[in-house]
Every structure is written in C-alpha cells, then in structure tokens.
Amino acid sequence: MSDEYLLYGTVSSGSKVDGLLTVCKLNTSTPIRTFKQNGSFCNRIAVLDSCILSAQSDRPIVHSYSITKDAPMQKLVLQEKLTCIVASHSRKFLAAGTHTGKLILWELGSGACLIYKDIHYGSISCLVFSQDDSVLFSAGTDARIYSWRTIELCNAQLNYNDVQPLASANQHSLEVTGLYCGYGGILDSRLYSISLDGSCQVWNASDLRLHTTFVFKEALLSIAVDPAERAIYAGCDYGVIYHVDLYRQPHDGAGLEYTGGLQRIVEVSTESAAKFAQHTDKILSLDLSFDGTLLVSGSQDGTVIVWDISTHQVLRSIKPGRGPVYVVKVLQKLPSEHYTRQESLKFSYDASYASNNDVWLSIPESNESNVTFSISDVTHVGSDAIAIVDTGEDIPAINQGSCDAEDLQAKVERLSAAYNALWETYTTTIGLRENGDHEEL
C-alpha cells in the first residue's frame with residue numbers, strides 16, 4: 001500500500017475546462033503533482049508508462065501530461081469529441097469511443113489509426129480490454145455490449161465491414177455505465193457490467209453468456225470488483241456504495257458457495273445489504289487498492305473518500321474544492337519522469353500504414369511443381385519491406401525431385417578434402433611458431 005498512488009480529477013460545476021488532475025500518495029493523501037486544464041469526465045483518463053492522457057469533454061482534444069509538469073505537454077487535436085478512452089494492458093494500443101457510436105483504435109507507438117468504425121447506435125459509454133488484451137469490450141447508451149477480437153481490429157487487410165463482433169449482449173434495458181473484466185485468459189475470465197436500469201450482470205467473457213444478474217433498486221453509475229473477484233462494489237445514483245459478496249457460507253456451514261450462477265437473478269436488499277454511506281450525491285467513480293483492502297470513491301458532491309473495506313469506515317476524506325470528482329484511479333507506479341512525446345493520433349485510417357510495415361509474398365497460381373521466384377523491385381517504404389514476386393523469366397530453379405546422390409557425395413568429398421588441407425596448414429603453422437621459426441613465414 002505504501003507504494004500506491006491515487007489519481008483523481010475534478011471539473012468545476014460552471015465550466016468544463018477549469019478542472020484539475022491530482023496525484024497523491026494513497027496512504028497519506030499528500031499531493032505530489034497537480035495538472036491544470038483538465039476537462040475530462042468519467043472514463044476519459046488513460047495512464048501510460050510515460051504520460052497521462054485526458055480526453056476533454058467539451059472539445060475534440062486529448063491532453064498529454066508529464067509527471068514533471070503541471071501544464072499539458074501536448075494537445076492532440078482530433079476531429080470528433082471522445083466519450084471514453086482506455087489503454088491496453090501492454091500499453092501498445094489506445095481505444096476510444098465517440099458520441100456518434102464510433103470505435104477508434106490507435107497504435108500508440110506511431111499514432112496510426114488502425115480502425116474507425118460505427119459499432120453502436122448511440123454514444124459509446126465505456127470500453128475495457130481483457131487482461132490478456134486479446135478482446136476489447138464496448139458498451140453504450142443503446143444498452144448493448146459487444147466483444148471484439150483485438151487481432152481483427154488491427155488487421156489492415158480486413159475491410160471495416162468484415163470486422164464483426166465476437167459476441168453481443170442486450171439484456172440491459174438502459175445505458176450501460178460501467179464495465180470490468182476479471183483476471184485470467186479470455187476463456188476463464190468474467191465480465192461485469194452495470195446499467196442505469198439498476199442491474200449488475202456477470203458474463204462469461206469469451207461468449208457473453210449471462211451468468212448472474214444482481215438487481216438493485218437504484219441506478220448504478222460506477223463499479224469496482226475485488227482483485228480475487230470475491231465481491232462487487234457498486235456506486236449508485238443516491239450516494240451509496242453497495243458491497244455484494246460473491247461467495248457465501250451455505251446453511252450446512254461447509255465451505256463457501258457462489259452467489260448466483262446459471263442465469264440466476266439475485267435481488268440486493270437496500271435495507272440489509274452492506275453499504276458505504278458517507279457521500280451525499282452520485283458516486284461517479286470507484287477503484288480498489290492492489291490488495292483489495294481499501295476502496296476509493298469519487299462523487300458528485302466534490303469529495304474523494306478512502307474506505308477501509310473490512311470495517312466500512314472512512315479512513316480519509318479529500319475535498320479538492322473544484323466541483324464534482326469524475327475519476328479516481330489507484331496506480332501501482334507513476335509514469336516515468338522521462339516524458340516520451342506522444343505521436344499525433346491520426347483520426348482517419350491511412351492505407352499506406354499497412355504497406356509501410358508489411359512484408360508480403362505473392363505466389364502465382366500454378367499446377368507445376370517448379371515455380372521460379374526472385375527478389376525484385378525492392379523499395380524502402382517503411383521498416384525493411386521486401387516484395388517477392390514472380391518474374392515470369394525462365395530462371396533455373398531447384399527441382400527437389402532431381403537431386404542425384406552421386407553429385408551430393410562428390411560435393412561432400414570435395415568439402416572434406418578442403419577441410420583436411422586447411423587443418424594441415426593450421427597445425428603446421430602452430431608447430432613452426434612453437435619452434436621459433438615464425439619469422440621464416
């Protein structure tokens with residue numbers, strides 16, 4: 001816990017531009033750095049290895065901050081406002097959603113746009129990668145959830161229309177406000193979603209098959225899941241955070257059993273359920289410490305609270321005084337002090353990007369066993385791109401079926417003789433040196 005940091009962002013009630021991002025120690029709440037000109041709402045912050053990206057809510061601009069400077073190091077201008085951004089766990093890709101329902105995927109190293117595609121009927125509200133980055137999940141105001149293979153989103157050879165979702169789900173009746181993907185490979189992990197319809201649904205991440213539905217009586221705005229997936233923490237519209245245990249002790253007292261499963265519907269009683277009640281307005285963001293012992297919440301009432309999960313007591317309360325707190329994130333480490341300038345994020349797909357980075361082989365259609373190739377027309381257009389094409393010329397080719405055993409044996413004998421001669425010369429030279437006759441050479 002002593003090495004963990006807390007990032008929280010506020011935006012003034014009267015202006016979307018006048019806001020702050022603050023980084024502090026999680027265990028002391030002592031500010032380390034405050035970043036100015038932040039205008040980002042929920043789900044619009046991405047923390048990279050060398051910078052922090054903040055998508056502005058009122059303008060099509062992404063601010064890039066260095067941990068050593070309070071003002072933006074870069075302002076990346078786009079053509080459309082973003083409603084959410086998320087970086088892959090490997091920090092190789094940045095995914096974003098727009099208010100028109102478009103998905104954008106960038107390669108962070110080059111800023112190249114890998115895909116720009118309409119995927120939702122309304123605004124995209126949240127995005128999340130699986131822990132192995134093999135799948136990207138999207139959800140929006142149309143109450144739908146989609147899963148996408150990352151490798152297909154990056155495949156420049158596929159037409160946009162050929163990129164189809166791996167799976168889809170539409171069991172929510174209102175806007176999906178939060179997603180969380182559990183640990184493990186895509187075949188073993190679970191996806192958690194919350195909605196304004198007051199439900200929290202648990203899915204098999206691989207095929208979006210519904211596992212369990214938890215029903216609350218209030219709209220849900222934020223979610224955090226225990227690192228070991230033992231409990232769900234759901235922030236509601238009226239300032240309360242519900243604590244729902246995913247395992248319980250059966251009536252016979254033997255071991256633990258999972259709550260739900262088999263598409264069961266579990267009603268969460270607002271009276272008897274464990275809860276964190278200190279905020280006076282909407283819970284806009286939640287996050288957990290690495291060991292799952294501390295819960296951090298940000299609220300519309302302008303406060304950040306650090307909770308002790310075992311006792312449900314307030315450990316620290318922070319009131320930045322700049323309006324609602326739209327984002328809280330617990331960081332295991334700070335971005336590097338050596339700021340790496342982010343390449344400009346291209347907003348349209350560039351077909352030349354694929355040709356600049358591909359090595360391709362064109363094989364002609366032929367029924368013959370002998371096909372002639374040569375390296376031809378080499379042009380440096382990117383990173384070591386070479387095109388191997390059929391020249392159409394009659395160049396002697398290797399016919400694997402015509403290898404003569406006698407010819408091969410003759411070649412082996414010639415190589416052996418050359419080797420023996422070289423070895424004899426070497427041993428003779430060593431002997432002369434040992435006898436002091438080196439000068440005569």
# chains A, B, ... in the order shown; residues from 1 in each chain; ligands from 1

$ select_by_dssp --residues "region 188-349 of chain A" --states "strand (DSSP E or B)" --output "PyMOL selection string"
chain A and resi 190-195+199-204+209-215+220-225+231-236+240-245+247-248+257-258+264-267+274-277+283-288+294-299+304-308+313-318+325-331

$ residues_around --residues "region 251-267 of chain A" --least-positions-apart "5" --cutoff "8 Å" --atoms "only C-alpha atoms" --output "VMD selection string"
chain A and resid 210 to 216 245 to 246

$ residues_around --residues "Leu114 (chain A)" --least-positions-apart "2" --cutoff "8 Å" --atoms "only C-alpha atoms" --output "PDB file with C-alpha atoms, in the first residue's frame"
ATOM      1  CA  ILE A 104     -11.297   4.137 -32.826  1.00  0.00           C
ATOM      2  CA  LEU A 105      -8.174   2.078 -32.189  1.00  0.00           C
ATOM      3  CA  TRP A 106      -4.708   3.623 -32.335  1.00  0.00           C
ATOM      4  CA  GLU A 107      -1.241   2.147 -32.176  1.00  0.00           C
ATOM      5  CA  ALA A 112      -1.637   5.320 -36.555  1.00  0.00           C
ATOM      6  CA  TYR A 116     -12.525   3.768 -37.297  1.00  0.00           C
ATOM      7  CA  LEU A 153      -9.329  -4.739 -35.227  1.00  0.00           C
ATOM      8  CA  CYS A 154      -5.617  -4.451 -36.072  1.00  0.00           C
ATOM      9  CA  ASN A 155      -5.813  -6.422 -39.323  1.00  0.00           C
ATOM     10  CA  ALA A 156      -5.294  -3.905 -42.121  1.00  0.00           C
ATOM     11  CA  TYR A 349      -7.360   5.240 -41.459  1.00  0.00           C
TER      12      TYR A 349
END

$ atom_distance --atom1 "CA of Tyr192 (chain A)" --atom2 "CA of Gln278 (chain A)"
24.9 Å

$ residues_around --residues "Asp287 (chain A)" --least-positions-apart "6" --cutoff "12 Å" --atoms "only C-alpha atoms" --output "MDAnalysis selection string"
chainID A and resid 5:8 26 180 222:227 232:235 241 293:298 304:307 309 327:331

$ atom_distance --atom1 "CA of Gly111 (chain A)" --atom2 "CA of Glu152 (chain A)"
18.2 Å

$ residues_around --residues "Pro335 (chain A)" --least-positions-apart "6" --cutoff "10 Å" --atoms "only C-alpha atoms" --output "list in words"
Val47, Leu48, Asp49, Ser50, Cys51, Ile52, Tyr65, Ser66, Ile67 and Thr68 of chain A

$ select_by_dssp --residues "region 70-272 of chain A" --states "alpha helix (DSSP H)" --output "PyMOL selection string"
chain A and resi 150-153

$ residues_around --residues "Ser206 (chain A)" --least-positions-apart "3" --cutoff "10 Å" --atoms "only C-alpha atoms" --output "PyMOL selection string"
chain A and resi 130+135+147+166-167+185-191+203+209

$ residues_around --residues "Leu136 (chain A)" --least-positions-apart "3" --cutoff "6 Å" --atoms "only C-alpha atoms" --output "PyMOL selection string"
chain A and resi 128-129+147-148

$ atom_distance --atom1 "CA of Leu108 (chain A)" --atom2 "CA of Ala169 (chain A)"
29.4 Å
